file model_1.cif (mmCIF, C-alpha atoms)
data_coords
loop_
_atom_site.label_atom_id
_atom_site.label_comp_id
_atom_site.auth_asym_id
_atom_site.auth_seq_id
_atom_site.Cartn_x
_atom_site.Cartn_y
_atom_site.Cartn_z
CA MET A 901 0.00 0.00 0.00
CA LYS A 902 2.81 2.34 0.91
CA ARG A 903 4.37 1.56 -2.41
CA ARG A 904 1.20 2.49 -4.26
CA ILE A 905 0.98 5.87 -2.49
CA LEU A 906 4.62 6.56 -3.33
CA GLN A 907 4.06 5.64 -6.99
CA HIS A 908 0.94 7.79 -7.10
CA LYS A 909 2.86 10.80 -5.63
CA THR A 910 5.73 10.25 -8.04
CA TRP A 911 3.44 10.20 -11.06
CA ARG A 912 1.63 13.28 -9.79
CA GLY A 913 4.98 15.08 -9.37
CA ILE A 914 6.12 14.11 -12.87
CA LEU A 915 2.81 15.25 -14.33
CA LEU A 916 2.97 18.54 -12.41
CA LEU A 917 6.56 19.20 -13.60
CA SER A 918 5.57 18.39 -17.18
CA LEU A 919 2.65 20.81 -17.02
CA LEU A 920 4.91 23.55 -15.60
CA ALA A 921 7.45 22.94 -18.37
CA VAL A 922 4.76 23.17 -21.07
CA LEU A 923 3.28 26.29 -19.45
CA SER A 924 6.73 27.96 -19.21
CA TRP A 925 7.43 27.14 -22.84
CA GLN A 926 4.06 28.58 -23.92
CA LEU A 927 4.58 31.78 -21.94
CA SER A 928 8.10 32.30 -23.27
CA ARG A 929 7.03 31.98 -26.90
CA GLN A 930 6.17 35.23 -28.63
CA PRO A 931 2.82 35.11 -30.42
CA LEU A 932 3.34 35.22 -34.17
CA ASP A 933 -0.15 36.40 -35.09
CA THR A 934 -0.29 39.68 -33.14
CA PRO A 935 -0.10 42.96 -35.07
CA GLY A 936 3.17 44.85 -34.75
CA SER A 937 5.20 41.74 -34.02
CA GLU A 938 6.45 41.42 -37.60
CA VAL A 939 10.20 41.26 -37.79
CA GLY A 940 11.77 43.44 -40.47
CA PRO A 941 15.04 42.88 -42.25
CA PRO A 942 18.16 43.10 -40.11
CA ASP A 943 19.97 46.43 -39.83
CA LEU A 944 23.20 45.92 -41.77
CA ARG A 945 24.63 49.41 -41.15
CA LEU A 946 27.98 49.24 -39.43
CA ASN A 947 30.21 51.55 -37.48
CA TYR A 948 33.53 51.60 -39.29
CA ALA A 949 36.92 53.25 -39.48
CA LEU A 950 38.98 53.66 -42.65
CA TYR A 951 42.72 54.21 -42.43
CA ASP A 952 44.76 56.09 -45.06
CA PHE A 953 41.43 57.17 -46.51
CA SER A 954 40.94 59.04 -49.77
CA GLY A 955 37.70 59.65 -51.58
CA HIS A 956 35.57 61.91 -53.76
CA LEU A 957 32.20 63.56 -53.23
CA LEU A 958 30.23 63.78 -56.47
CA ASP A 959 27.40 66.08 -57.51
CA GLU A 960 24.16 64.95 -59.19
CA GLN A 961 25.85 64.95 -62.62
CA GLY A 962 28.69 62.74 -61.41
CA ARG A 963 31.28 65.52 -61.33
CA VAL A 964 33.73 65.66 -58.44
CA LYS A 965 32.65 68.19 -55.79
CA LEU A 966 35.74 67.61 -53.72
CA ASP A 967 38.61 65.23 -53.03
CA ILE A 968 39.45 64.31 -49.47
CA ALA A 969 42.32 62.41 -47.90
CA ALA A 970 42.95 61.64 -44.23
CA PRO A 971 44.81 59.20 -42.01
CA VAL A 972 41.53 58.11 -40.33
CA LEU A 973 37.83 58.44 -41.17
CA ARG A 974 35.22 57.05 -38.77
CA ASN A 975 31.51 56.64 -39.44
CA ASP A 976 28.75 56.21 -36.85
CA ALA A 977 26.05 53.98 -38.36
CA GLU A 978 23.19 55.20 -36.19
CA SER A 979 23.69 58.93 -36.80
CA GLY A 980 25.46 58.73 -40.18
CA VAL A 981 27.97 61.34 -38.96
CA GLY A 982 31.59 60.96 -39.98
CA THR A 983 34.67 62.18 -38.10
CA ILE A 984 37.97 62.74 -39.84
CA GLU A 985 41.45 63.17 -38.39
CA SER A 986 43.77 65.65 -40.17
CA PRO A 987 41.64 66.06 -43.31
CA GLU A 988 43.14 67.38 -46.54
CA ILE A 989 40.45 68.64 -48.89
CA ARG A 990 40.92 69.77 -52.48
CA ILE A 991 38.19 71.53 -54.44
CA GLN A 992 38.77 72.15 -58.15
CA GLN A 993 36.52 74.67 -59.84
CA GLU A 994 37.18 76.20 -63.21
CA GLY A 995 40.43 78.22 -62.88
CA ASP A 996 40.76 77.92 -59.10
CA ARG A 997 42.00 75.18 -56.84
CA TRP A 998 41.18 75.28 -53.12
CA TYR A 999 43.22 73.39 -50.54
CA ILE A 1000 41.78 73.02 -47.04
CA THR A 1001 43.42 71.40 -44.01
CA ALA A 1002 42.46 71.14 -40.33
CA GLU A 1003 43.21 69.09 -37.23
CA SER A 1004 39.84 67.33 -37.48
CA ALA A 1005 36.46 67.49 -39.19
CA ILE A 1006 32.91 66.33 -38.61
CA VAL A 1007 30.85 65.50 -41.71
CA SER A 1008 27.04 65.63 -41.51
CA SER A 1009 25.00 62.56 -42.41
CA ASP A 1010 23.85 64.13 -45.71
CA ARG A 1011 27.51 64.92 -46.59
CA GLU A 1012 26.62 68.58 -47.20
CA ILE A 1013 28.16 70.24 -44.13
CA VAL A 1014 31.74 69.81 -42.91
CA ASN A 1015 32.75 71.34 -39.57
CA LEU A 1016 36.52 71.91 -39.65
CA ILE A 1017 38.13 72.25 -36.23
CA GLY A 1018 41.59 73.30 -35.06
CA GLY A 1019 44.27 74.98 -37.16
CA VAL A 1020 42.09 75.45 -40.24
CA ASN A 1021 43.94 76.61 -43.36
CA LEU A 1022 42.14 77.50 -46.58
CA SER A 1023 44.18 78.49 -49.62
CA ARG A 1024 43.12 79.26 -53.16
CA LEU A 1025 45.45 79.09 -56.11
CA ASP A 1026 44.36 81.04 -59.17
CA GLU A 1027 45.84 78.84 -61.90
CA LEU A 1028 45.85 81.69 -64.48
CA THR A 1029 47.70 84.28 -62.38
CA ASP A 1030 49.40 81.98 -59.82
CA GLN A 1031 48.09 84.29 -57.07
CA VAL A 1032 47.49 82.64 -53.73
CA LEU A 1033 44.88 83.62 -51.15
CA GLU A 1034 45.54 82.15 -47.69
CA ILE A 1035 43.03 82.13 -44.84
CA LYS A 1036 43.89 80.85 -41.34
CA THR A 1037 41.45 80.36 -38.48
CA SER A 1038 40.53 77.88 -35.76
CA GLU A 1039 37.14 76.62 -36.98
CA VAL A 1040 35.06 76.73 -40.16
CA VAL A 1041 31.65 75.47 -41.23
CA LEU A 1042 31.90 74.47 -44.90
CA HIS A 1043 28.66 74.08 -46.88
CA ILE A 1044 29.56 71.81 -49.82
CA SER A 1045 26.88 72.56 -52.45
CA PRO A 1046 26.88 76.36 -52.34
CA ARG A 1047 30.62 76.25 -51.39
CA ILE A 1048 30.23 78.71 -48.58
CA ALA A 1049 32.67 78.73 -45.65
CA MET A 1050 31.82 80.59 -42.44
CA THR A 1051 33.40 81.19 -39.06
CA ASP A 1052 32.87 83.34 -35.98
CA ALA A 1053 36.48 82.83 -34.85
CA GLY A 1054 39.49 85.04 -35.46
CA VAL A 1055 40.66 85.06 -39.09
CA SER A 1056 43.88 86.04 -40.86
CA VAL A 1057 43.71 86.58 -44.64
CA ARG A 1058 46.93 86.96 -46.69
CA GLN A 1059 47.29 87.84 -50.34
CA SER A 1060 50.25 89.34 -52.23
CA GLY A 1061 52.04 90.29 -49.00
CA ASP A 1062 49.00 92.09 -47.54
CA ARG A 1063 47.22 90.81 -44.44
CA LEU A 1064 43.73 91.34 -43.06
CA ASP A 1065 42.83 90.24 -39.53
CA ALA A 1066 39.25 90.07 -38.26
CA VAL A 1067 36.78 88.22 -36.11
CA GLY A 1068 34.31 86.24 -38.23
CA MET A 1069 34.16 85.65 -41.96
CA LYS A 1070 31.85 84.49 -44.71
CA LEU A 1071 33.58 83.15 -47.82
CA ASP A 1072 31.81 82.46 -51.13
CA MET A 1073 34.25 80.12 -52.87
CA ILE A 1074 32.41 80.06 -56.19
CA ASN A 1075 32.15 83.84 -56.63
CA GLU A 1076 35.56 84.43 -54.99
CA ARG A 1077 34.24 86.90 -52.41
CA TYR A 1078 34.77 87.08 -48.71
CA GLU A 1079 33.28 89.29 -46.04
CA LEU A 1080 35.11 89.97 -42.79
CA LEU A 1081 32.56 90.53 -40.04
CA HIS A 1082 34.07 92.32 -36.99
CA ASP A 1083 37.19 94.10 -35.74
CA VAL A 1084 38.88 94.25 -39.14
CA ARG A 1085 42.53 95.34 -39.20
CA ALA A 1086 44.55 95.75 -42.39
CA HIS A 1087 48.33 95.47 -42.88
CA TYR A 1088 49.38 96.51 -46.37
CA GLN A 1089 52.83 95.94 -47.83
CA THR A 1090 54.12 98.79 -49.96
CA ARG A 1091 55.80 97.78 -53.17
#

call {"tool": "encode", "arguments": {"input": "model_1.cif", "output": "structure tokens"}}
result
Amino acid sequence: MKRRILQHKTWRGILLLSLLAVLSWQLSRQPLDTPGSEVGPPDLRLNYALYDFSGHLLDEQGRVKLDIAAPVLRNDAESGVGTIESPEIRIQQEGDRWYITAESAIVSSDREIVNLIGGVNLSRLDELTDQVLEIKTSEVVLHISPRIAMTDAGVSVRQSGDRLDAVGMKLDMINERYELLHDVRAHYQTR
């Protein structure tokens, strides 16, 4: 009799454990038929870093907007923002060639705005006259499509031995015009 009670308790325990296992499995499963539970394709965007990077940005017609080279370019997949160490940018337009360097740069996700930071140098070579325009500052916001460069920092502009110092600048690279915003000082070299 004792043996029968023990067997009965054992079978009841096994049945109870089986039911708990099935119930746990059912609760842990995610329902497949509920709205909003559809699984989309996996996100294949990656964070990456490119070393000894060089590349081109093209316009809608496939023409080169600018060339860029740098020891390191990093891209954040979630934001799409790129960071560049020691960028060297070259912009060729008609008879002018612009060279731009900085300690670092941040490129917007749409690749239209480049924030240049630390020791920014912009120089334009007029290929017809060989005249050079040099601009030095500490930070610049470069808008790629309209080719406008702006800063609120101190600026030094040199051309043909003359120097202009100011605080703030707006540079239209296409129309070859610049506007110095505040505290402008001129140093002219007599010939």

call {"tool": "atom_distance", "arguments": {"input": "model_1.cif", "atom1": "atom CA of Leu1064 of chain A", "atom2": "atom CA of Ala1086 of chain A"}}
result
4.5 Å

call {"tool": "resolve_selection", "arguments": {"input": "model_1.cif", "expression": "the PyMOL selection byres ((chain A and resi 967-982) around 8)", "output": "ChimeraX atom specification"}}
result
/A:945-957,964-966,983-991,1006-1010

call {"tool": "closest_residue", "arguments": {"input": "model_1.cif", "among": "A:Asp996, A:Glu1012, A:Asp1062, A:Asp1026", "to": "Thr1090 of chain A", "atoms": "all atoms listed in the file"}}
result
A:Asp1062

call {"tool": "atom_distance", "arguments": {"input": "model_1.cif", "atom1": "atom CA of Tyr999 of chain A", "atom2": "atom CA of His1082 of chain A"}}
result
25.0 Å

call {"tool": "resolve_selection", "arguments": {"input": "model_1.cif", "expression": "the PyMOL selection byres ((chain A and resi 1084) around 12)", "output": "list of chain:residue names"}}
result
A:Gly1054, A:Val1055, A:Ser1056, A:Val1057, A:Arg1063, A:Leu1064, A:Asp1065, A:Ala1066, A:Val1067, A:Gly1068, A:Met1069, A:Glu1079, A:Leu1080, A:Leu1081, A:His1082, A:Asp1083, A:Arg1085, A:Ala1086, A:His1087

call {"tool": "closest_residue", "arguments": {"input": "model_1.cif", "among": "A:Glu1027, A:Ile1017, A:Glu1034, A:Gln992", "to": "Ile1074 of chain A", "atoms": "all atoms listed in the file"}}
result
A:Gln992

call {"tool": "residues_near_point", "arguments": {"input": "model_1.cif", "point": "(45.4, 75.3, -36.9)", "cutoff": "9 Å", "atoms": "all atoms listed in the file", "output": "MDAnalysis selection string"}}
result
chainID A and resid 1001:1003 1017:1021 1036:1039

call {"tool": "atom_distance", "arguments": {"input": "model_1.cif", "atom1": "atom CA of Asn1075 of chain A", "atom2": "atom CA of Leu1042 of chain A"}}
result
15.0 Å

call {"tool": "closest_residue", "arguments": {"input": "model_1.cif", "among": "A:Tyr1088, A:His1043, A:Thr1051, A:Gln1031", "to": "Lys1070 of chain A", "atoms": "all atoms listed in the file"}}
result
A:Thr1051
